[in-house]
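Peer 1: Got a structure for you, written out below as structure tokens; questions coming shortly.
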Amino acid sequence: MNRKQAREFVMQTMFQIEVQKDFENPDIDGYMAECGAGNQKDYISNLLSQICSNIERIDCMIDDASEGWPASRMTKPDLAVIRVAVGEMLYADDVPDAVAINEAVNLAKAYGTDQSPKFVNAVLAKIKK
């Protein structure tokens, strides 16, 4: 598995965790068993753990940056994409912020609506500042 595939897996897992409202005790090992993470296992496990452990902080940052469109009102795919990018920006030292944002926009193109890429980019650009 490469980093792009790992990032996509983290986004899909965040979507599942959001649907199940399972941020306090997510079964990260159970999610990991599904993906064949290979050399990306540490990246995936650490990023999922950090996002879940710091979800309130991350969502506050998203709320502040999204001006009138709080995390609770966002589509689940957009929210999952943004959370992963913010998690990378905060907790993945080997991922430059510009890469996290660019990859998030690409995920938004694949999983979101026509407006998702612009929205995701705008929110993440404000968070980066």
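Identifiers in this document derive from the order of the structure tokens: chains are assigned A, B, ..., residues are numbered from 1 separately in each chain, and ligands are numbered from 1 in order of occurrence.
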Do a neighbour search on region 93-108 of chain A at 12 Å with only C-alpha atoms, toss out local chain neighbours closer than 6 positions, and write the hits as a ChimeraX atom specification.

Peer 2: /A:3-12,43,46-47,75-87,114-129

Peer 1: Which of these, A:Asn54, A:Phe23, A:Met61, A:Met14, has the shortest distance to Tyr91 (chain A) once you count only C-alpha atoms?

Peer 2: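 Checking each of A:Asn54, A:Phe23, A:Met61, A:Met14 against Tyr91 (chain A), counting only C-alpha atoms, the winner is A:Asn54.
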
Peer 1: Between CA of Lys41 (chain A) and CA of Asn25 (chain A), what is the distance, to one decimal in Å?

Peer 2: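 Calculated distance between CA of Lys41 (chain A) and CA of Asn25 (chain A) is 18.7 Å.
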
Peer 1: From a DSSP calculation on the backbone, collect every residue of region 65-124 of chain A in helix (DSSP H, G or I) and output the set as a ChimeraX atom specification.

Peer 2: /A:65,71-73,76-91,97-111,116-124

Peer 1: Tell me, in Å to one decimal, how far CA of Gly112 (chain A) is from CA of Ala33 (chain A).

Peer 2: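 Computing it gives 26.0 Å between the two atoms.
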
Peer 1: Point out the residue among A:Ala71, A:Cys52, A:Met89, A:Cys60 with the least atom-to-atom distance to Glu24 (chain A), counting only C-alpha atoms.

Peer 2: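 With only C-alpha atoms as the atom set, the closest residue is A:Cys52.
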
Peer 1: Which is closest to Val19 (chain A) among A:Ser72, A:Glu34, A:Ile51, A:Met1, if we use only C-alpha atoms?

Peer 2: A:Ser72

Peer 1: Using only C-alpha atoms, which residue out of A:Gln50, A:Asn2, A:Gln20, A:Ser66 lies closest to Gly36 (chain A)?

Peer 2: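 The shortest atom-to-atom distance to Gly36 (chain A) comes from A:Asn2.
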
Peer 1: Quick check, in Å to one decimal: how far apart do CA of Tyr31 (chain A) and CA of Arg73 (chain A) lie?

Peer 2: 25.6 Å
